[in-house]
file input22.cif (mmCIF, C-alpha atoms)
data_run
loop_
_atom_site.group_PDB
_atom_site.id
_atom_site.type_symbol
_atom_site.label_atom_id
_atom_site.label_comp_id
_atom_site.auth_asym_id
_atom_site.auth_seq_id
_atom_site.Cartn_x
_atom_site.Cartn_y
_atom_site.Cartn_z
ATOM 1 C CA MET A 1342 -8.576 -15.919 -28.470
ATOM 2 C CA LEU A 1343 -10.085 -13.415 -26.093
ATOM 3 C CA ALA A 1344 -13.807 -12.848 -25.624
ATOM 4 C CA LEU A 1345 -14.569 -9.142 -25.251
ATOM 5 C CA LEU A 1346 -17.575 -7.057 -24.174
ATOM 6 C CA LEU A 1347 -17.317 -3.472 -25.413
ATOM 7 C CA ASP A 1348 -18.895 -0.768 -23.257
ATOM 8 C CA SER A 1349 -21.176 1.902 -24.709
ATOM 9 C CA ALA A 1350 -18.398 4.510 -25.113
ATOM 10 C CA ILE A 1351 -16.574 2.195 -27.494
ATOM 11 C CA GLY A 1352 -17.876 2.590 -31.045
ATOM 12 C CA ARG A 1353 -19.482 -0.306 -32.840
ATOM 13 C CA ARG A 1354 -16.842 -0.052 -35.597
ATOM 14 C CA ALA A 1355 -14.436 -1.622 -33.112
ATOM 15 C CA VAL A 1356 -16.714 -4.686 -32.964
ATOM 16 C CA ALA A 1357 -16.445 -5.171 -36.718
ATOM 17 C CA ALA A 1358 -12.677 -4.680 -36.631
ATOM 18 C CA PHE A 1359 -12.226 -7.355 -33.958
ATOM 19 C CA LEU A 1360 -14.667 -9.795 -35.524
ATOM 20 C CA ALA A 1361 -12.624 -9.496 -38.720
ATOM 21 C CA ARG A 1362 -9.531 -10.472 -36.701
ATOM 22 C CA GLY A 1363 -11.270 -13.546 -35.287
ATOM 23 C CA TYR A 1364 -12.079 -12.235 -31.809
ATOM 24 C CA ASP A 1365 -15.270 -13.187 -30.003
ATOM 25 C CA VAL A 1366 -16.593 -9.679 -29.368
ATOM 26 C CA VAL A 1367 -19.975 -8.159 -28.592
ATOM 27 C CA HIS A 1368 -21.125 -4.647 -27.736
ATOM 28 C CA VAL A 1369 -23.364 -3.800 -24.772
ATOM 29 C CA ARG A 1370 -25.932 -2.557 -27.321
ATOM 30 C CA ASP A 1371 -26.234 -6.144 -28.580
ATOM 31 C CA TYR A 1372 -27.758 -6.969 -25.180
ATOM 32 C CA GLY A 1373 -29.697 -3.712 -24.733
ATOM 33 C CA LEU A 1374 -27.334 -2.769 -21.892
ATOM 34 C CA GLN A 1375 -26.101 0.584 -23.235
ATOM 35 C CA GLU A 1376 -27.793 2.416 -20.316
ATOM 36 C CA ALA A 1377 -27.095 -0.292 -17.704
ATOM 37 C CA ASP A 1378 -25.177 0.298 -14.493
ATOM 38 C CA ASP A 1379 -21.573 -0.875 -14.425
ATOM 39 C CA ASP A 1380 -22.348 -3.744 -12.053
ATOM 40 C CA VAL A 1381 -24.939 -5.132 -14.506
ATOM 41 C CA ILE A 1382 -22.447 -4.971 -17.387
ATOM 42 C CA LEU A 1383 -19.778 -6.560 -15.211
ATOM 43 C CA ALA A 1384 -22.158 -9.375 -14.243
ATOM 44 C CA ARG A 1385 -22.874 -10.072 -17.919
ATOM 45 C CA ALA A 1386 -19.153 -10.134 -18.685
ATOM 46 C CA MET A 1387 -18.528 -12.556 -15.813
ATOM 47 C CA ALA A 1388 -21.407 -14.820 -16.885
ATOM 48 C CA GLU A 1389 -19.937 -15.065 -20.399
ATOM 49 C CA ASP A 1390 -16.255 -15.003 -19.397
ATOM 50 C CA ARG A 1391 -15.683 -11.778 -21.353
ATOM 51 C CA ILE A 1392 -13.168 -9.005 -20.744
ATOM 52 C CA VAL A 1393 -14.853 -5.598 -20.501
ATOM 53 C CA VAL A 1394 -13.385 -2.912 -22.766
ATOM 54 C CA THR A 1395 -14.310 0.560 -21.561
ATOM 55 C CA MET A 1396 -13.266 4.170 -21.146
ATOM 56 C CA ASP A 1397 -14.893 4.259 -17.708
ATOM 57 C CA LEU A 1398 -12.572 4.119 -14.673
ATOM 58 C CA ASP A 1399 -15.509 3.063 -12.516
ATOM 59 C CA PHE A 1400 -15.154 -0.583 -13.583
ATOM 60 C CA GLY A 1401 -11.646 -0.815 -12.151
ATOM 61 C CA ASN A 1402 -12.655 1.045 -9.013
ATOM 62 C CA LEU A 1403 -15.696 -1.208 -8.534
ATOM 63 C CA LEU A 1404 -13.492 -4.291 -8.692
ATOM 64 C CA ALA A 1405 -10.886 -2.768 -6.372
ATOM 65 C CA LEU A 1406 -13.482 -1.785 -3.775
ATOM 66 C CA THR A 1407 -15.437 -5.044 -3.828
ATOM 67 C CA GLY A 1408 -12.505 -7.410 -4.278
ATOM 68 C CA GLN A 1409 -14.528 -9.150 -6.993
ATOM 69 C CA TRP A 1410 -12.888 -11.257 -9.636
ATOM 70 C CA CYS A 1411 -13.804 -10.912 -13.289
ATOM 71 C CA PRO A 1412 -12.294 -12.098 -16.566
ATOM 72 C CA GLY A 1413 -10.644 -8.694 -16.944
ATOM 73 C CA VAL A 1414 -11.134 -5.026 -17.691
ATOM 74 C CA ILE A 1415 -9.357 -2.982 -20.344
ATOM 75 C CA ILE A 1416 -9.636 0.748 -19.679
ATOM 76 C CA LEU A 1417 -8.815 3.068 -22.553
ATOM 77 C CA ARG A 1418 -7.516 6.469 -21.444
ATOM 78 C CA LEU A 1419 -6.955 8.009 -24.835
ATOM 79 C CA GLY A 1420 -8.483 11.464 -24.470
ATOM 80 C CA ALA A 1421 -11.116 11.924 -27.169
ATOM 81 C CA PRO A 1422 -10.238 9.133 -29.587
ATOM 82 C CA THR A 1423 -11.868 8.360 -32.906
ATOM 83 C CA SER A 1424 -13.185 4.887 -33.701
ATOM 84 C CA ASP A 1425 -10.034 4.285 -35.705
ATOM 85 C CA GLY A 1426 -7.937 5.432 -32.711
ATOM 86 C CA VAL A 1427 -9.719 3.024 -30.379
ATOM 87 C CA THR A 1428 -9.315 0.169 -32.833
ATOM 88 C CA ALA A 1429 -5.626 0.984 -33.297
ATOM 89 C CA ALA A 1430 -5.045 1.162 -29.520
ATOM 90 C CA LEU A 1431 -6.747 -2.191 -28.948
ATOM 91 C CA THR A 1432 -4.845 -3.761 -31.828
ATOM 92 C CA GLU A 1433 -1.561 -2.498 -30.389
ATOM 93 C CA LEU A 1434 -2.567 -3.774 -26.945
ATOM 94 C CA THR A 1435 -3.286 -7.280 -28.215
ATOM 95 C CA LYS A 1436 0.109 -7.328 -29.955
ATOM 96 C CA ALA A 1437 2.016 -5.987 -26.931
ATOM 97 C CA VAL A 1438 0.374 -7.930 -24.091
ATOM 98 C CA PRO A 1439 -0.246 -11.707 -24.236
ATOM 99 C CA ASP A 1440 -3.834 -12.887 -23.800
ATOM 100 C CA ASP A 1441 -3.025 -14.645 -20.513
ATOM 101 C CA GLU A 1442 -1.812 -11.333 -19.038
ATOM 102 C CA LEU A 1443 -5.025 -9.571 -20.088
ATOM 103 C CA ARG A 1444 -7.135 -12.141 -18.254
ATOM 104 C CA SER A 1445 -7.780 -11.537 -14.546
ATOM 105 C CA SER A 1446 -6.290 -8.045 -14.819
ATOM 106 C CA VAL A 1447 -7.172 -4.416 -15.071
ATOM 107 C CA VAL A 1448 -5.277 -3.048 -18.054
ATOM 108 C CA ILE A 1449 -5.002 0.689 -18.553
ATOM 109 C CA VAL A 1450 -4.110 1.786 -22.064
ATOM 110 C CA GLU A 1451 -2.761 5.311 -22.432
ATOM 111 C CA PRO A 1452 -1.252 6.972 -25.513
ATOM 112 C CA ASP A 1453 2.308 6.348 -24.309
ATOM 113 C CA ARG A 1454 2.062 3.297 -22.040
ATOM 114 C CA ILE A 1455 0.132 0.205 -21.008
ATOM 115 C CA ARG A 1456 -0.242 -0.755 -17.351
ATOM 116 C CA VAL A 1457 -1.348 -4.227 -16.222
ATOM 117 C CA ARG A 1458 -2.577 -4.887 -12.670
ATOM 118 C CA LYS A 1459 -3.525 -8.453 -11.745
ATOM 119 C CA PHE A 1460 -6.491 -9.233 -9.493
ATOM 120 C CA PRO A 1461 -7.082 -8.799 -6.661
ATOM 121 C CA ILE A 1462 -6.479 -5.062 -6.768
ATOM 122 C CA SER A 1463 -6.330 -2.892 -3.694
ATOM 123 C CA GLY A 1464 -7.056 0.815 -3.703
ATOM 124 C CA GLY A 1465 -8.562 2.530 -6.718
ATOM 125 C CA ILE A 1466 -7.645 2.928 -10.327
ATOM 126 C CA GLU A 1467 -6.246 6.287 -11.320
#
call {"tool": "encode", "arguments": {"input": "input22.cif", "output": "C-alpha cells"}}
result
Amino acid sequence: MLALLLDSAIGRRAVAAFLARGYDVVHVRDYGLQEADDDVILARAMAEDRIVVTMDLDFGNLLALTGQWCPGVIILRLGAPTSDGVTAALTELTKAVPDDELRSSVVIVEPDRIRVRKFPISGGIE
C-alpha cells in the first residue's frame, strides 16, 4: 500500500478517507509544515518514502529542474474541488493506476484524464 503525504491545499478529510481504506497517509499539518517551502516538504516525503499529494505544480517543476528523485508526486488539477471531490479523484486514481506506476512518477490528475511521467523528468510540468 502506498504511503502518502498530503500538502496543505488538500483537506484533512482526505486523510481520514484514506486511513479508512488502509493507506499510510499523513498531512503536512501533522508535522507543522503547512507553511513550509516545497523543498522542505519534499525532503520530508523522501525521508519517509511518501508520495506527495498536492495541487501545486511547483513540486513537479522542482523535480524536473533539479533532476531529483523522490517517491512520487500526485498533482491534482481539478479546478476548485471540494474535499469530497479530492477524495473521489484520489480514489479513482488508485483504482486506475497501479501503485508501482505511481511510485517514482509525477502523476497529474485532471477531471478527464490522468497523466503519468516517470522520473527523471526533463522540462517543466504544465
call {"tool": "resolve_selection", "arguments": {"input": "input22.cif", "expression": "the PyMOL selection byres ((chain A and resi 1396) around 6)", "output": "NGL selection string"}}
result
:A and (1395 or 1397 or 1416-1417)
call {"tool": "write_last_selection", "arguments": {"input": "input22.cif", "atoms": "C-alpha atoms", "output": "compact mmCIF listing (two decimals), in the frame of the given file"}}
result
# COMPACT_ATOMS: atom_id res chain seq x y z
CA THR A 1395 -14.31 0.56 -21.56
CA ASP A 1397 -14.89 4.26 -17.71
CA ILE A 1416 -9.64 0.75 -19.68
CA LEU A 1417 -8.82 3.07 -22.55
call {"tool": "closest_residue", "arguments": {"input": "input22.cif", "among": "A:Val1427, A:Ile1449, A:Arg1385, A:Val1366", "to": "Leu1398 of chain A", "atoms": "all atoms listed in the file"}}
result
A:Ile1449
call {"tool": "closest_residue", "arguments": {"input": "input22.cif", "among": "A:Lys1436, A:Arg1456, A:Arg1354, A:Arg1444", "to": "Pro1412 of chain A", "atoms": "all atoms listed in the file"}}
result
A:Arg1444
call {"tool": "residues_around", "arguments": {"input": "input22.cif", "residues": "Asp1365 of chain A", "least_positions_apart": "2", "cutoff": "9 Å", "atoms": "all atoms listed in the file", "output": "ChimeraX atom specification"}}
result
/A:1342-1346,1359-1360,1363,1367,1391
call {"tool": "resolve_selection", "arguments": {"input": "input22.cif", "expression": "the PyMOL selection byres ((chain A and resi 1441) around 12)", "output": "ChimeraX atom specification"}}
result
/A:1342-1343,1392,1412-1413,1435,1437-1440,1442-1446,1457,1459
call {"tool": "residues_around", "arguments": {"input": "input22.cif", "residues": "His1368 of chain A", "least_positions_apart": "3", "cutoff": "7 Å", "atoms": "all atoms listed in the file", "output": "compact mmCIF listing (two decimals) with C-alpha atoms, in the frame of the given file"}}
result
# COMPACT_ATOMS: atom_id res chain seq x y z
CA LEU A 1346 -17.58 -7.06 -24.17
CA LEU A 1347 -17.32 -3.47 -25.41
CA ASP A 1348 -18.90 -0.77 -23.26
CA ARG A 1353 -19.48 -0.31 -32.84
CA VAL A 1356 -16.71 -4.69 -32.96
CA ASP A 1371 -26.23 -6.14 -28.58
call {"tool": "closest_residue", "arguments": {"input": "input22.cif", "among": "A:Leu1406, A:Leu1374, A:Ala1361, A:Leu1383", "to": "Ser1349 of chain A", "atoms": "only C-alpha atoms"}}
result
A:Leu1374
call {"tool": "closest_residue", "arguments": {"input": "input22.cif", "among": "A:Thr1432, A:Ala1358, A:Ile1351, A:Asp1379", "to": "Leu1404 of chain A", "atoms": "all atoms listed in the file"}}
result
A:Asp1379
call {"tool": "atom_distance", "arguments": {"input": "input22.cif", "atom1": "atom CA of Val1450 of chain A", "atom2": "atom CA of Gly1373 of chain A"}}
result
26.3 Å
call {"tool": "atom_distance", "arguments": {"input": "input22.cif", "atom1": "atom CA of Ala1355 of chain A", "atom2": "atom CA of Ala1405 of chain A"}}
result
27.0 Å
call {"tool": "closest_residue", "arguments": {"input": "input22.cif", "among": "A:Val1393, A:Asp1453, A:Leu1434, A:Ala1386", "to": "Gly1420 of chain A", "atoms": "only C-alpha atoms"}}
result
A:Asp1453
call {"tool": "atom_distance", "arguments": {"input": "input22.cif", "atom1": "atom CA of Val1447 of chain A", "atom2": "atom CA of Gly1401 of chain A"}}
result
6.4 Å
call {"tool": "axis_aligned_box", "arguments": {"input": "input22.cif", "around": "segment 1428-1434 of chain A", "padding_each_side": "3 Å", "output": "lines of an AutoDock Vina configuration file"}}
result
center_x = -5.4
center_y = -1.3
center_z = -30.1
size_x = 13.8
size_y = 10.9
size_z = 12.4
call {"tool": "decode", "arguments": {"input": "input22.cif", "residues": "segment 1404-1454 of chain A", "atoms": "C-alpha atoms", "output": "PDB file, in the first residue's frame"}}
result
ATOM      1  CA  LEU A1404      11.902  17.824  -9.550  1.00  0.00           C
ATOM      2  CA  ALA A1405      12.212  18.461 -13.291  1.00  0.00           C
ATOM      3  CA  LEU A1406      14.660  21.328 -12.801  1.00  0.00           C
ATOM      4  CA  THR A1407      16.836  19.630 -10.188  1.00  0.00           C
ATOM      5  CA  GLY A1408      16.704  16.110 -11.600  1.00  0.00           C
ATOM      6  CA  GLN A1409      15.995  14.888  -8.065  1.00  0.00           C
ATOM      7  CA  TRP A1410      14.364  11.567  -7.411  1.00  0.00           C
ATOM      8  CA  CYS A1411      11.520  11.212  -4.944  1.00  0.00           C
ATOM      9  CA  PRO A1412       8.964   8.517  -4.152  1.00  0.00           C
ATOM     10  CA  GLY A1413       6.464  10.356  -6.348  1.00  0.00           C
ATOM     11  CA  VAL A1414       4.213  13.365  -6.711  1.00  0.00           C
ATOM     12  CA  ILE A1415       0.493  13.354  -7.446  1.00  0.00           C
ATOM     13  CA  ILE A1416      -0.710  16.729  -8.707  1.00  0.00           C
ATOM     14  CA  LEU A1417      -4.441  17.352  -8.644  1.00  0.00           C
ATOM     15  CA  ARG A1418      -5.621  19.808 -11.301  1.00  0.00           C
ATOM     16  CA  LEU A1419      -9.308  19.771 -10.529  1.00  0.00           C
ATOM     17  CA  GLY A1420     -10.224  23.454 -10.545  1.00  0.00           C
ATOM     18  CA  ALA A1421     -11.806  24.332  -7.206  1.00  0.00           C
ATOM     19  CA  PRO A1422     -12.676  20.900  -5.838  1.00  0.00           C
ATOM     20  CA  THR A1423     -14.475  20.089  -2.617  1.00  0.00           C
ATOM     21  CA  SER A1424     -12.999  17.678  -0.080  1.00  0.00           C
ATOM     22  CA  ASP A1425     -15.327  15.022  -1.434  1.00  0.00           C
ATOM     23  CA  GLY A1426     -14.125  15.808  -4.985  1.00  0.00           C
ATOM     24  CA  VAL A1427     -10.485  15.429  -3.972  1.00  0.00           C
ATOM     25  CA  THR A1428     -11.204  12.169  -2.185  1.00  0.00           C
ATOM     26  CA  ALA A1429     -13.149  10.861  -5.183  1.00  0.00           C
ATOM     27  CA  ALA A1430     -10.354  11.845  -7.604  1.00  0.00           C
ATOM     28  CA  LEU A1431      -7.705  10.131  -5.480  1.00  0.00           C
ATOM     29  CA  THR A1432      -9.874   7.046  -5.085  1.00  0.00           C
ATOM     30  CA  GLU A1433     -10.366   6.871  -8.851  1.00  0.00           C
ATOM     31  CA  LEU A1434      -6.625   7.360  -9.372  1.00  0.00           C
ATOM     32  CA  THR A1435      -5.708   4.482  -7.070  1.00  0.00           C
ATOM     33  CA  LYS A1436      -8.171   2.236  -8.924  1.00  0.00           C
ATOM     34  CA  ALA A1437      -6.979   3.283 -12.398  1.00  0.00           C
ATOM     35  CA  VAL A1438      -3.201   3.365 -11.897  1.00  0.00           C
ATOM     36  CA  PRO A1439      -1.267   0.553 -10.156  1.00  0.00           C
ATOM     37  CA  ASP A1440       0.802   1.506  -7.112  1.00  0.00           C
ATOM     38  CA  ASP A1441       4.076   0.654  -8.871  1.00  0.00           C
ATOM     39  CA  GLU A1442       3.264   3.189 -11.615  1.00  0.00           C
ATOM     40  CA  LEU A1443       2.563   5.908  -9.038  1.00  0.00           C
ATOM     41  CA  ARG A1444       5.983   5.412  -7.460  1.00  0.00           C
ATOM     42  CA  SER A1445       8.899   7.332  -8.987  1.00  0.00           C
ATOM     43  CA  SER A1446       6.492   9.354 -11.133  1.00  0.00           C
ATOM     44  CA  VAL A1447       4.786  12.674 -11.415  1.00  0.00           C
ATOM     45  CA  VAL A1448       1.092  11.955 -11.870  1.00  0.00           C
ATOM     46  CA  ILE A1449      -1.234  14.713 -12.998  1.00  0.00           C
ATOM     47  CA  VAL A1450      -4.905  14.115 -12.295  1.00  0.00           C
ATOM     48  CA  GLU A1451      -7.361  16.205 -14.289  1.00  0.00           C
ATOM     49  CA  PRO A1452     -11.154  15.888 -14.474  1.00  0.00           C
ATOM     50  CA  ASP A1453     -10.998  13.969 -17.762  1.00  0.00           C
ATOM     51  CA  ARG A1454      -7.581  12.284 -17.759  1.00  0.00           C
TER      52      ARG A1454
END
